[in-house]
>>> print(open('my_file36.cif').read())   # mmCIF, C-alpha atoms
data_target
#
loop_
_atom_site.label_atom_id
_atom_site.label_comp_id
_atom_site.auth_asym_id
_atom_site.auth_seq_id
_atom_site.Cartn_x
_atom_site.Cartn_y
_atom_site.Cartn_z
CA MET A 1 47.46 -27.14 -42.10
CA THR A 2 47.23 -30.86 -41.42
CA ASP A 3 49.85 -33.20 -40.02
CA GLN A 4 51.12 -30.62 -37.53
CA PRO A 5 53.53 -31.94 -34.92
CA ARG A 6 51.71 -33.10 -31.81
CA LEU A 7 52.31 -30.71 -28.94
CA PRO A 8 52.72 -32.39 -25.56
CA SER A 9 49.81 -32.48 -23.17
CA ASP A 10 52.41 -32.21 -20.41
CA PRO A 11 53.51 -28.55 -20.51
CA ASP A 12 56.89 -29.52 -19.09
CA ARG A 13 57.74 -31.87 -21.97
CA ALA A 14 59.08 -30.47 -25.21
CA PRO A 15 57.35 -31.40 -28.49
CA ASP A 16 58.88 -33.95 -30.83
CA LEU A 17 61.36 -32.27 -33.17
CA PHE A 18 62.78 -33.25 -36.57
CA THR A 19 60.03 -35.71 -37.47
CA TRP A 20 58.29 -35.65 -40.85
CA GLU A 21 55.24 -34.13 -39.16
CA PHE A 22 57.44 -31.45 -37.64
CA ALA A 23 58.99 -30.72 -41.06
CA THR A 24 55.53 -30.08 -42.50
CA ASP A 25 54.85 -27.25 -40.06
CA PRO A 26 57.47 -26.61 -37.36
CA TYR A 27 56.00 -23.32 -36.19
CA PRO A 28 53.68 -24.60 -33.41
CA ALA A 29 56.61 -26.50 -31.88
CA TYR A 30 58.83 -23.43 -32.14
CA ALA A 31 56.14 -21.36 -30.44
CA TRP A 32 56.12 -23.86 -27.55
CA LEU A 33 59.92 -23.68 -27.27
CA ARG A 34 59.94 -19.86 -27.30
CA GLU A 35 57.49 -19.85 -24.40
CA HIS A 36 58.70 -22.79 -22.30
CA ALA A 37 62.33 -23.54 -23.28
CA PRO A 38 63.75 -20.70 -25.38
CA VAL A 39 67.28 -22.13 -25.19
CA HIS A 40 66.70 -25.86 -25.45
CA ARG A 41 69.21 -28.71 -25.50
CA THR A 42 68.22 -31.54 -27.83
CA ARG A 43 69.69 -34.55 -29.60
CA LEU A 44 69.65 -34.05 -33.35
CA PRO A 45 68.89 -36.86 -35.83
CA SER A 46 72.65 -37.19 -36.42
CA GLY A 47 73.19 -37.97 -32.73
CA VAL A 48 74.89 -34.63 -32.03
CA GLU A 49 73.55 -32.75 -28.99
CA ALA A 50 73.09 -29.01 -29.46
CA TRP A 51 71.38 -25.96 -27.99
CA LEU A 52 68.48 -24.48 -29.99
CA VAL A 53 67.99 -20.71 -29.58
CA THR A 54 64.44 -19.68 -30.50
CA ARG A 55 63.68 -16.13 -29.26
CA TYR A 56 64.52 -13.15 -31.46
CA ALA A 57 66.53 -11.17 -28.88
CA ASP A 58 68.56 -14.25 -27.88
CA ALA A 59 69.04 -15.21 -31.52
CA LYS A 60 70.35 -11.78 -32.46
CA GLN A 61 72.72 -11.85 -29.49
CA ALA A 62 74.01 -15.31 -30.39
CA LEU A 63 74.54 -14.47 -34.07
CA ALA A 64 76.81 -11.56 -33.11
CA ASP A 65 78.55 -13.15 -30.09
CA GLN A 66 82.17 -13.84 -31.00
CA ARG A 67 82.45 -16.28 -28.11
CA LEU A 68 80.45 -18.56 -30.40
CA SER A 69 82.97 -19.72 -32.96
CA LYS A 70 82.23 -20.89 -36.48
CA ASN A 71 85.30 -23.11 -36.45
CA PRO A 72 84.35 -26.80 -35.90
CA ALA A 73 87.71 -27.30 -34.17
CA HIS A 74 86.07 -25.80 -31.08
CA HIS A 75 83.42 -28.54 -30.94
CA ASP A 76 83.88 -30.77 -27.92
CA GLU A 77 82.56 -33.66 -29.99
CA PRO A 78 82.25 -37.22 -28.71
CA ALA A 79 83.42 -40.06 -30.94
CA HIS A 80 79.93 -40.80 -32.28
CA ALA A 81 79.55 -37.20 -33.48
CA LYS A 82 82.81 -36.95 -35.42
CA GLY A 83 82.31 -35.25 -38.76
CA LYS A 84 78.55 -34.80 -38.28
CA THR A 85 78.54 -31.02 -38.25
CA GLY A 86 78.87 -28.81 -41.30
CA ILE A 87 78.48 -29.86 -44.93
CA PRO A 88 78.96 -33.60 -45.58
CA GLY A 89 82.28 -34.29 -47.22
CA GLU A 90 83.76 -30.81 -46.93
CA ARG A 91 86.50 -31.92 -44.51
CA LYS A 92 87.78 -34.74 -46.73
CA ALA A 93 87.53 -32.50 -49.78
CA GLU A 94 89.66 -29.79 -48.07
CA LEU A 95 86.90 -27.20 -48.42
CA MET A 96 86.81 -25.96 -44.85
CA THR A 97 88.49 -22.59 -45.38
CA HIS A 98 85.36 -20.64 -46.31
CA LEU A 99 83.46 -17.89 -44.52
CA LEU A 100 81.02 -20.24 -42.75
CA ASN A 101 83.81 -22.07 -40.91
CA ILE A 102 86.28 -19.43 -39.79
CA ASP A 103 86.55 -16.59 -37.26
CA PRO A 104 88.43 -13.28 -37.16
CA PRO A 105 91.10 -12.42 -38.07
CA ASP A 106 91.04 -15.02 -40.89
CA HIS A 107 87.35 -14.32 -41.51
CA THR A 108 88.01 -10.58 -41.70
CA ARG A 109 90.76 -11.05 -44.27
CA LEU A 110 88.83 -13.51 -46.45
CA ARG A 111 85.59 -11.54 -46.33
CA ARG A 112 87.40 -8.35 -47.31
CA LEU A 113 89.01 -10.10 -50.28
CA VAL A 114 85.81 -11.79 -51.42
CA SER A 115 83.84 -8.56 -51.01
CA LYS A 116 86.15 -6.91 -53.53
CA ALA A 117 85.01 -9.47 -56.11
CA PHE A 118 81.40 -10.19 -55.10
CA THR A 119 80.07 -6.64 -55.14
CA PRO A 120 76.48 -5.33 -55.24
CA ARG A 121 77.36 -3.67 -58.54
CA ARG A 122 78.40 -7.03 -60.03
CA VAL A 123 75.09 -8.50 -58.90
CA ALA A 124 73.10 -5.58 -60.33
CA GLU A 125 74.83 -5.98 -63.68
CA PHE A 126 73.77 -9.63 -63.65
CA ALA A 127 70.04 -8.78 -63.45
CA PRO A 128 69.32 -9.10 -67.22
CA ARG A 129 70.79 -12.61 -67.24
CA VAL A 130 68.61 -13.68 -64.29
CA GLN A 131 65.54 -12.31 -66.09
CA GLU A 132 66.52 -14.14 -69.27
CA LEU A 133 66.89 -17.41 -67.39
CA ALA A 134 63.53 -16.98 -65.65
CA ASP A 135 61.76 -16.33 -68.94
CA HIS A 136 63.50 -19.22 -70.69
CA LEU A 137 62.57 -21.71 -67.97
CA ILE A 138 58.93 -20.59 -67.99
CA ASP A 139 58.90 -20.82 -71.79
CA ARG A 140 59.64 -24.52 -71.46
CA PHE A 141 56.39 -25.32 -69.63
CA ALA A 142 54.11 -22.32 -70.31
CA ARG A 143 52.02 -24.14 -72.96
CA THR A 144 51.49 -27.28 -70.88
CA GLY A 145 49.13 -25.89 -68.25
CA SER A 146 50.95 -27.57 -65.37
CA ALA A 147 54.44 -27.88 -63.89
CA ASP A 148 56.46 -28.83 -60.85
CA LEU A 149 57.85 -25.44 -59.95
CA ILE A 150 60.66 -26.88 -57.83
CA HIS A 151 62.22 -29.11 -60.47
CA GLU A 152 61.29 -27.07 -63.55
CA PHE A 153 61.90 -23.55 -62.26
CA ALA A 154 63.08 -22.95 -58.69
CA PHE A 155 65.95 -25.46 -58.88
CA PRO A 156 67.48 -24.78 -62.33
CA LEU A 157 67.24 -20.97 -62.12
CA PRO A 158 69.78 -20.39 -59.32
CA ILE A 159 72.05 -23.24 -60.45
CA TYR A 160 72.47 -21.87 -63.97
CA ALA A 161 72.65 -18.33 -62.60
CA ILE A 162 75.43 -19.02 -60.10
CA CYS A 163 77.33 -21.09 -62.67
CA ASP A 164 77.19 -18.17 -65.11
CA LEU A 165 78.22 -15.74 -62.41
CA LEU A 166 81.16 -17.90 -61.29
CA GLY A 167 82.30 -18.50 -64.87
CA VAL A 168 81.61 -22.24 -65.18
CA PRO A 169 81.62 -23.00 -68.93
CA ARG A 170 78.18 -23.73 -70.35
CA GLU A 171 79.17 -27.24 -71.43
CA ASP A 172 79.98 -28.14 -67.80
CA GLN A 173 76.91 -26.67 -66.13
CA ASP A 174 74.79 -29.82 -66.35
CA ASP A 175 77.44 -31.61 -64.25
CA PHE A 176 77.03 -28.91 -61.63
CA ARG A 177 73.27 -29.35 -61.79
CA ASP A 178 73.68 -33.09 -61.11
CA TRP A 179 76.05 -32.49 -58.18
CA ALA A 180 73.80 -29.82 -56.73
CA GLY A 181 70.78 -32.09 -57.13
CA MET A 182 72.51 -34.73 -55.03
CA MET A 183 73.38 -32.22 -52.31
CA ILE A 184 69.84 -30.86 -52.09
CA ARG A 185 68.38 -34.32 -51.45
CA HIS A 186 69.61 -34.35 -47.83
CA GLY A 187 69.90 -38.11 -47.55
CA GLY A 188 67.26 -38.94 -50.13
CA GLY A 189 69.88 -40.26 -52.55
CA PRO A 190 72.41 -43.08 -52.36
CA ARG A 191 74.47 -43.40 -49.19
CA GLY A 192 77.51 -41.13 -49.37
CA GLY A 193 76.16 -39.40 -52.45
CA VAL A 194 76.49 -35.89 -51.00
CA ALA A 195 80.13 -36.41 -50.03
CA ARG A 196 80.95 -37.83 -53.47
CA SER A 197 79.28 -34.86 -55.16
CA VAL A 198 81.24 -32.45 -52.96
CA LYS A 199 84.47 -34.25 -53.86
CA LYS A 200 83.71 -34.08 -57.60
CA MET A 201 82.82 -30.42 -57.32
CA ARG A 202 86.02 -29.72 -55.39
CA GLY A 203 88.15 -31.42 -58.04
CA TYR A 204 86.43 -29.56 -60.84
CA LEU A 205 86.73 -26.16 -59.14
CA ALA A 206 90.42 -26.69 -58.37
CA GLU A 207 91.13 -27.43 -62.03
CA LEU A 208 88.97 -24.54 -63.26
CA ILE A 209 90.62 -22.05 -60.89
CA HIS A 210 94.08 -23.22 -61.95
CA LYS A 211 93.19 -22.76 -65.63
CA LYS A 212 91.70 -19.32 -65.05
CA ARG A 213 94.71 -18.23 -63.00
CA GLU A 214 97.07 -19.33 -65.77
CA ALA A 215 95.08 -17.45 -68.42
CA LEU A 216 94.20 -14.37 -66.36
CA PRO A 217 94.80 -11.17 -68.38
CA ALA A 218 96.62 -8.26 -66.81
CA GLU A 219 93.45 -6.15 -66.73
CA PRO A 220 89.87 -7.33 -66.11
CA ALA A 221 87.59 -7.42 -69.13
CA PRO A 222 84.03 -6.06 -68.92
CA GLY A 223 81.75 -8.67 -67.36
CA GLU A 224 84.62 -10.70 -65.91
CA ASP A 225 83.39 -13.82 -64.13
CA LEU A 226 83.43 -14.12 -60.35
CA ILE A 227 86.12 -16.83 -60.11
CA SER A 228 88.50 -14.65 -62.12
CA ALA A 229 87.62 -11.71 -59.88
CA LEU A 230 88.28 -13.86 -56.78
CA ILE A 231 91.71 -14.76 -58.17
CA ARG A 232 92.42 -11.12 -58.98
CA ALA A 233 91.21 -9.71 -55.67
CA SER A 234 93.97 -8.37 -53.44
CA ASP A 235 94.29 -6.41 -50.26
CA HIS A 236 97.63 -4.87 -49.31
CA GLY A 237 99.33 -7.40 -51.54
CA GLU A 238 97.41 -10.39 -50.16
CA HIS A 239 95.53 -12.73 -52.50
CA LEU A 240 93.35 -15.77 -52.04
CA THR A 241 95.27 -19.01 -52.35
CA GLU A 242 93.90 -21.53 -54.89
CA ASN A 243 92.62 -23.61 -51.96
CA GLU A 244 90.84 -20.59 -50.47
CA ALA A 245 89.43 -19.62 -53.86
CA ALA A 246 88.11 -23.15 -54.39
CA ALA A 247 86.50 -23.18 -50.93
CA MET A 248 84.92 -19.77 -51.52
CA ALA A 249 83.60 -20.72 -54.98
CA PHE A 250 82.18 -23.90 -53.45
CA ILE A 251 80.38 -22.18 -50.60
CA LEU A 252 79.04 -19.45 -52.90
CA LEU A 253 77.60 -22.21 -55.05
CA PHE A 254 76.40 -24.39 -52.17
CA ALA A 255 74.89 -21.57 -50.11
CA GLY A 256 73.74 -19.61 -53.14
CA PHE A 257 71.60 -22.17 -54.88
CA GLU A 258 69.59 -24.07 -52.26
CA THR A 259 68.63 -20.93 -50.37
CA THR A 260 67.20 -19.48 -53.59
CA VAL A 261 65.45 -22.74 -54.51
CA ASN A 262 63.68 -22.57 -51.16
CA LEU A 263 63.01 -18.84 -51.35
CA ILE A 264 61.25 -19.27 -54.69
CA GLY A 265 59.44 -22.46 -53.65
CA ASN A 266 58.38 -21.37 -50.15
CA GLY A 267 57.54 -17.89 -51.37
CA THR A 268 55.35 -19.10 -54.23
CA TYR A 269 53.59 -21.57 -51.94
CA ALA A 270 52.91 -18.85 -49.36
CA LEU A 271 51.45 -16.56 -52.02
CA LEU A 272 49.26 -19.31 -53.47
CA THR A 273 47.88 -20.12 -50.03
CA HIS A 274 47.29 -16.43 -49.22
CA PRO A 275 45.32 -15.27 -52.27
CA GLU A 276 44.57 -11.75 -51.01
CA GLN A 277 48.28 -11.03 -50.59
CA ARG A 278 49.07 -12.60 -53.95
CA HIS A 279 46.41 -10.53 -55.77
CA ARG A 280 47.64 -7.35 -54.13
CA LEU A 281 51.16 -8.08 -55.38
CA GLN A 282 49.92 -8.88 -58.89
CA GLU A 283 48.00 -5.62 -59.05
CA SER A 284 51.11 -3.74 -57.92
CA LEU A 285 53.24 -5.45 -60.58
CA ALA A 286 50.64 -4.67 -63.25
CA ARG A 287 51.02 -0.99 -62.38
CA GLY A 288 54.76 -1.26 -62.87
CA GLU A 289 55.51 -0.72 -59.17
CA THR A 290 58.39 -2.40 -57.34
CA ASP A 291 58.01 -1.33 -53.70
CA LEU A 292 55.56 -4.08 -52.74
CA LEU A 293 57.68 -6.70 -54.51
CA ALA A 294 60.72 -5.63 -52.49
CA SER A 295 58.94 -5.54 -49.13
CA GLY A 296 57.04 -8.68 -50.07
CA VAL A 297 60.15 -10.76 -50.60
CA GLU A 298 61.47 -9.61 -47.22
CA GLU A 299 58.17 -10.67 -45.62
CA LEU A 300 58.33 -14.06 -47.34
CA LEU A 301 61.85 -14.49 -45.96
CA ARG A 302 60.52 -13.77 -42.47
CA PHE A 303 57.31 -15.76 -42.74
CA ASP A 304 58.72 -19.04 -44.08
CA GLY A 305 62.31 -18.46 -45.05
CA PRO A 306 64.67 -20.79 -46.90
CA VAL A 307 67.09 -21.18 -43.96
CA GLU A 308 65.45 -22.70 -40.89
CA LEU A 309 68.51 -22.81 -38.63
CA ALA A 310 71.68 -20.76 -38.89
CA THR A 311 74.83 -22.77 -39.50
CA TRP A 312 76.82 -24.27 -36.63
CA ARG A 313 78.41 -22.30 -33.83
CA PHE A 314 80.54 -23.63 -30.96
CA ALA A 315 81.09 -22.04 -27.54
CA THR A 316 84.74 -21.18 -26.91
CA GLU A 317 84.17 -20.27 -23.24
CA PRO A 318 81.35 -20.41 -20.71
CA LEU A 319 78.52 -18.06 -21.60
CA THR A 320 74.85 -17.46 -20.92
CA ILE A 321 72.11 -17.13 -23.55
CA GLY A 322 68.55 -16.47 -22.48
CA GLY A 323 69.42 -17.37 -18.89
CA GLN A 324 70.83 -20.74 -19.96
CA HIS A 325 74.44 -21.71 -19.21
CA ILE A 326 76.38 -22.89 -22.28
CA ALA A 327 79.56 -24.87 -21.67
CA PRO A 328 82.74 -24.56 -23.77
CA GLY A 329 82.64 -26.85 -26.78
CA ASP A 330 78.84 -27.02 -26.89
CA PRO A 331 77.21 -26.57 -30.33
CA VAL A 332 74.64 -23.79 -30.64
CA LEU A 333 72.07 -23.59 -33.42
CA VAL A 334 70.09 -20.36 -33.83
CA VAL A 335 66.60 -21.17 -35.08
CA LEU A 336 65.93 -18.34 -37.52
CA ALA A 337 62.46 -19.67 -38.32
CA ALA A 338 61.47 -19.43 -34.66
CA ALA A 339 63.08 -16.03 -34.05
CA ASP A 340 61.36 -14.52 -37.08
CA ARG A 341 57.93 -15.53 -35.68
CA ASP A 342 58.61 -14.14 -32.19
CA PRO A 343 55.60 -12.07 -31.05
CA GLU A 344 57.90 -10.07 -28.77
CA ARG A 345 59.52 -8.67 -31.92
CA PHE A 346 56.90 -8.85 -34.70
CA ALA A 347 53.25 -7.85 -34.52
CA ASP A 348 50.97 -10.71 -35.63
CA PRO A 349 54.01 -12.85 -36.53
CA ASP A 350 51.95 -15.75 -37.95
CA VAL A 351 50.23 -13.41 -40.43
CA LEU A 352 51.69 -12.93 -43.92
CA ASP A 353 51.68 -9.18 -44.62
CA LEU A 354 53.58 -8.11 -47.73
CA THR A 355 53.31 -4.46 -46.66
CA ARG A 356 55.11 -5.07 -43.34
CA ARG A 357 57.63 -2.28 -42.82
CA ASP A 358 59.16 -2.99 -39.41
CA ASN A 359 60.73 -6.18 -40.68
CA GLN A 360 64.29 -6.63 -39.42
CA HIS A 361 64.14 -10.37 -39.96
CA LEU A 362 67.15 -12.64 -39.43
CA GLY A 363 66.76 -14.60 -42.65
CA TYR A 364 70.21 -13.52 -43.84
CA GLY A 365 71.78 -13.70 -40.40
CA HIS A 366 73.26 -10.87 -38.37
CA GLY A 367 76.69 -9.57 -37.42
CA ILE A 368 79.96 -10.32 -39.18
CA HIS A 369 78.51 -13.46 -40.78
CA TYR A 370 75.60 -11.63 -42.42
CA CYS A 371 75.01 -13.35 -45.76
CA LEU A 372 77.39 -12.05 -48.41
CA GLY A 373 75.05 -13.29 -51.14
CA ALA A 374 71.93 -11.47 -49.89
CA PRO A 375 71.83 -9.04 -52.87
CA LEU A 376 71.94 -11.97 -55.33
CA ALA A 377 69.25 -13.89 -53.43
CA ARG A 378 67.01 -10.82 -53.37
CA LEU A 379 67.54 -10.27 -57.10
CA GLU A 380 66.74 -13.88 -57.97
CA GLY A 381 63.76 -14.06 -55.62
CA GLN A 382 62.20 -10.83 -56.83
CA THR A 383 62.80 -11.68 -60.49
CA ALA A 384 61.46 -15.23 -60.18
CA LEU A 385 58.27 -14.31 -58.30
CA ALA A 386 57.49 -11.26 -60.43
CA THR A 387 57.96 -13.24 -63.65
CA LEU A 388 55.82 -16.15 -62.45
CA LEU A 389 52.95 -13.92 -61.30
CA THR A 390 53.07 -11.78 -64.43
CA ARG A 391 53.38 -14.49 -67.05
CA LEU A 392 51.12 -17.06 -65.31
CA PRO A 393 48.50 -14.79 -63.72
CA ASP A 394 46.08 -17.56 -62.73
CA LEU A 395 48.78 -19.78 -61.20
CA ARG A 396 47.27 -22.14 -58.62
CA LEU A 397 48.25 -25.16 -56.56
CA GLY A 398 47.97 -28.48 -58.37
CA ALA A 399 47.71 -30.56 -55.20
CA ASP A 400 46.16 -30.42 -51.76
CA PRO A 401 48.57 -28.66 -49.37
CA ALA A 402 48.34 -31.69 -47.08
CA GLU A 403 49.90 -33.82 -49.84
CA LEU A 404 53.02 -31.69 -50.16
CA ARG A 405 56.21 -32.91 -48.53
CA TRP A 406 59.13 -30.92 -47.21
CA ARG A 407 62.74 -31.98 -47.58
CA GLY A 408 64.25 -33.33 -44.39
CA GLY A 409 67.34 -31.40 -43.42
CA LEU A 410 68.74 -29.57 -40.44
CA ILE A 411 69.61 -26.16 -41.84
CA MET A 412 67.40 -25.58 -44.88
CA ARG A 413 63.62 -25.59 -45.22
CA GLY A 414 62.05 -26.25 -48.61
CA LEU A 415 59.44 -28.22 -50.52
CA ARG A 416 60.32 -31.43 -52.34
CA THR A 417 57.84 -30.60 -55.10
CA LEU A 418 55.39 -27.80 -55.87
CA PRO A 419 52.83 -28.91 -58.47
CA VAL A 420 50.95 -26.00 -60.04
CA GLU A 421 48.34 -25.46 -62.74
CA PHE A 422 47.57 -22.47 -64.95
CA THR A 423 45.97 -21.51 -68.25
CA PRO A 424 48.33 -22.67 -71.03
CA ALA A 425 50.05 -19.87 -72.91
CA ARG A 426 48.99 -19.36 -76.52
CA ASP A 427 52.29 -18.04 -77.82
CA ASP A 428 54.98 -20.31 -79.22
CA PRO A 429 57.81 -20.51 -76.68
CA ARG A 430 61.36 -21.42 -77.59
CA GLY A 431 61.01 -24.73 -75.72
CA GLY A 432 63.64 -27.43 -75.58
CA GLU A 433 66.35 -28.05 -73.01
CA TYR A 434 68.34 -25.13 -71.70
CA ASP A 435 71.51 -25.00 -73.81
CA GLY A 436 73.16 -21.99 -72.21
CA SER A 437 72.45 -19.78 -75.20
CA SER A 438 72.23 -16.11 -74.50
CA THR A 439 71.12 -13.01 -76.33
CA MET A 440 73.08 -10.77 -73.97
#
>>> encode(input="my_file36.cif", output="structure tokens")
Amino acid sequence: MTDQPRLPSDPDRAPDLFTWEFATDPYPAYAWLREHAPVHRTRLPSGVEAWLVTRYADAKQALADQRLSKNPAHHDEPAHAKGKTGIPGERKAELMTHLLNIDPPDHTRLRRLVSKAFTPRRVAEFAPRVQELADHLIDRFARTGSADLIHEFAFPLPIYAICDLLGVPREDQDDFRDWAGMMIRHGGGPRGGVARSVKKMRGYLAELIHKKREALPAEPAPGEDLISALIRASDHGEHLTENEAAAMAFILLFAGFETTVNLIGNGTYALLTHPEQRHRLQESLARGETDLLASGVEELLRFDGPVELATWRFATEPLTIGGQHIAPGDPVLVVLAAADRDPERFADPDVLDLTRRDNQHLGYGHGIHYCLGAPLARLEGQTALATLLTRLPDLRLGADPAELRWRGGLIMRGLRTLPVEFTPARDDPRGGEYDGSSTM
């Protein structure tokens, strides 16, 4: 791959991080850090100083260490760093009380309540709708012979899916798509655009939750939406407050759409640039098998996953990670992308192998903050990739890999665009804009 970050000729000097060249392919720099500075203090583009943890064993320890708090109140932040951790605008919008920002016992209580609503069974029952969305989106460009898979497929699929799952009315879902589009730009839009989108989303969710609470029937109907289930969820008489429900709906939306956009985009790109692996998967799908698809998505998560760094943690007391002393109040960022390419844990870590079995990757985290939405992400990723490879069997890149650009952002890793080409379909697709119609 071209435009790789320049590694220092001086072995004692760390490579440049968070440049556009680094964003294109961060893995050589992460390999240098794993070897020379596995727990490395650096100044982030925001001006915040933080520790980067890059080895698998250290990363797994840090993800489960309860001395590393998720609560930003523990950040010993200087004046210039105020408000520069977490999601832009979530503090002002009063959206801090979600699972990514709290510790036990509050985390234990909220996770237990949310788990009663956001169950694997609910996700499994949603599978036909995800398949319908995938087919509909492909129908819209199948006859053209080319597409931008990010904007025409990977982005709208999880947005419409999570809106349907949450219970956002169809007539309001385009607003959510606009707000989500602003958040995924990571500074590429107007100044303050992310915070404004978060504020609009917060106001909408608060009103929607209030309306659903007022109209909630005594007993759940079949296929009840997730927001109604969050309102209904109880544990020993405890319920989510409207503020907690709004924060949880927000983080399910925020964390549940961009990760899937990147999983589909990064995964498709990896398959298109590794044709032997892609052909093996297509042959497996043609035989009606699912095992390689399941292990393949896990390998894609390890190889070039959608989440580059785990979300913020803050030391609550002195501790040591990888032989490095961490002071109270220091931010710690676990670099999942580096840990999941650690040769001490994975054989041939820079090789994409869809049949890899010993694959305990950290793409969904580890410990009490393990991703609650992992079953939904797996469902969407498997459905999207299988449908693309089956319906567009000669799918190929429509641009030189060196021309592709990756979105700049601290936590997520994903392509800005993914132009592809294929033989146009001969059938007559439904076409038109997605109108929320359903045959379910």
>>> resolve_selection(input="my_file36.cif", expression="the PyMOL selection byres ((chain A and resi 212) around 12)", output="PyMOL selection string")
chain A and resi 166-169+205-211+213-217+224-232+242+245-246
>>> resolve_selection(input="my_file36.cif", expression="the PyMOL selection byres ((chain A and resi 390) around 12)", output="ChimeraX atom specification")
/A:134-135,138,278-279,281-288,382-389,391-395
>>> write_last_selection(input="my_file36.cif", atoms="C-alpha atoms", output="PDB file, keeping the file's coordinate frame")
ATOM      1  CA  ALA A 134      63.530 -16.980 -65.650  1.00  0.00           C
ATOM      2  CA  ASP A 135      61.760 -16.330 -68.940  1.00  0.00           C
ATOM      3  CA  ILE A 138      58.930 -20.590 -67.990  1.00  0.00           C
ATOM      4  CA  ARG A 278      49.070 -12.600 -53.950  1.00  0.00           C
ATOM      5  CA  HIS A 279      46.410 -10.530 -55.770  1.00  0.00           C
ATOM      6  CA  LEU A 281      51.160  -8.080 -55.380  1.00  0.00           C
ATOM      7  CA  GLN A 282      49.920  -8.880 -58.890  1.00  0.00           C
ATOM      8  CA  GLU A 283      48.000  -5.620 -59.050  1.00  0.00           C
ATOM      9  CA  SER A 284      51.110  -3.740 -57.920  1.00  0.00           C
ATOM     10  CA  LEU A 285      53.240  -5.450 -60.580  1.00  0.00           C
ATOM     11  CA  ALA A 286      50.640  -4.670 -63.250  1.00  0.00           C
ATOM     12  CA  ARG A 287      51.020  -0.990 -62.380  1.00  0.00           C
ATOM     13  CA  GLY A 288      54.760  -1.260 -62.870  1.00  0.00           C
ATOM     14  CA  GLN A 382      62.200 -10.830 -56.830  1.00  0.00           C
ATOM     15  CA  THR A 383      62.800 -11.680 -60.490  1.00  0.00           C
ATOM     16  CA  ALA A 384      61.460 -15.230 -60.180  1.00  0.00           C
ATOM     17  CA  LEU A 385      58.270 -14.310 -58.300  1.00  0.00           C
ATOM     18  CA  ALA A 386      57.490 -11.260 -60.430  1.00  0.00           C
ATOM     19  CA  THR A 387      57.960 -13.240 -63.650  1.00  0.00           C
ATOM     20  CA  LEU A 388      55.820 -16.150 -62.450  1.00  0.00           C
ATOM     21  CA  LEU A 389      52.950 -13.920 -61.300  1.00  0.00           C
ATOM     22  CA  ARG A 391      53.380 -14.490 -67.050  1.00  0.00           C
ATOM     23  CA  LEU A 392      51.120 -17.060 -65.310  1.00  0.00           C
ATOM     24  CA  PRO A 393      48.500 -14.790 -63.720  1.00  0.00           C
ATOM     25  CA  ASP A 394      46.080 -17.560 -62.730  1.00  0.00           C
ATOM     26  CA  LEU A 395      48.780 -19.780 -61.200  1.00  0.00           C
TER      27      LEU A 395
END
>>> resolve_selection(input="my_file36.cif", expression="the PyMOL selection byres ((chain A and resi 357) around 12)", output="list in words")
Asp291, Leu292, Ala294, Ser295, Gly296, Val297, Glu298, Glu299, Arg302, Phe346, Ala347, Asp353, Leu354, Thr355, Arg356, Asp358, Asn359, Gln360 and His361 of chain A
>>> closest_atom_pairs(input="my_file36.cif", of="range 145-261 of chain A", to="range 99-110 of chain A", cutoff="9 Å", atoms="only C-alpha atoms", output="CSV")
residue,atom,partner,partner_atom,distance
A:Asp235,CA,A:Arg109,CA,8.4
A:Glu238,CA,A:Arg109,CA,8.9
A:Leu240,CA,A:Leu110,CA,7.5
A:Glu244,CA,A:Leu110,CA,8.4
A:Ala247,CA,A:Leu99,CA,8.8
A:Met248,CA,A:Leu99,CA,7.4
A:Ile251,CA,A:Leu99,CA,8.1
>>> residues_around(input="my_file36.cif", residues="Arg129 in chain A", least_positions_apart="2", cutoff="9 Å", atoms="all atoms listed in the file", output="list in words")
Glu125, Phe126, Ala127, Gln131, Glu132, Leu133, Ala134, Ala161, Asp164, Ser438 and Met440 of chain A
>>> residues_near_point(input="my_file36.cif", point="(69.8, -23.6, -26.5)", cutoff="9 Å", atoms="all atoms listed in the file", output="number ranges by chain")
A: 37-42, 50-54, 321-322, 324-326, 331-334
>>> residues_around(input="my_file36.cif", residues="Leu362 in chain A", least_positions_apart="3", cutoff="9 Å", atoms="only C-alpha atoms", output="PyMOL selection string")
chain A and resi 56+59-60+301-302+336-337+339-340+365-366
>>> closest_residue(input="my_file36.cif", among="A:Ile159, A:Leu68, A:Leu113, A:Ala338", to="Ala233 in chain A", atoms="only C-alpha atoms")
A:Leu113
>>> closest_residue(input="my_file36.cif", among="A:Asp65, A:Asp342, A:Asp58, A:Glu308", to="Ala31 in chain A", atoms="only C-alpha atoms")
A:Asp342
>>> atom_distance(input="my_file36.cif", atom1="CA of Met412 in chain A", atom2="CA of Pro328 in chain A")
26.1 Å
>>> closest_residue(input="my_file36.cif", among="A:Ala64, A:Ala399, A:Ala195, A:Leu165", to="Thr273 in chain A", atoms="all atoms listed in the file")
A:Ala399
>>> closest_residue(input="my_file36.cif", among="A:Glu344, A:Glu403, A:Asp172, A:Glu276", to="Glu35 in chain A", atoms="all atoms listed in the file")
A:Glu344
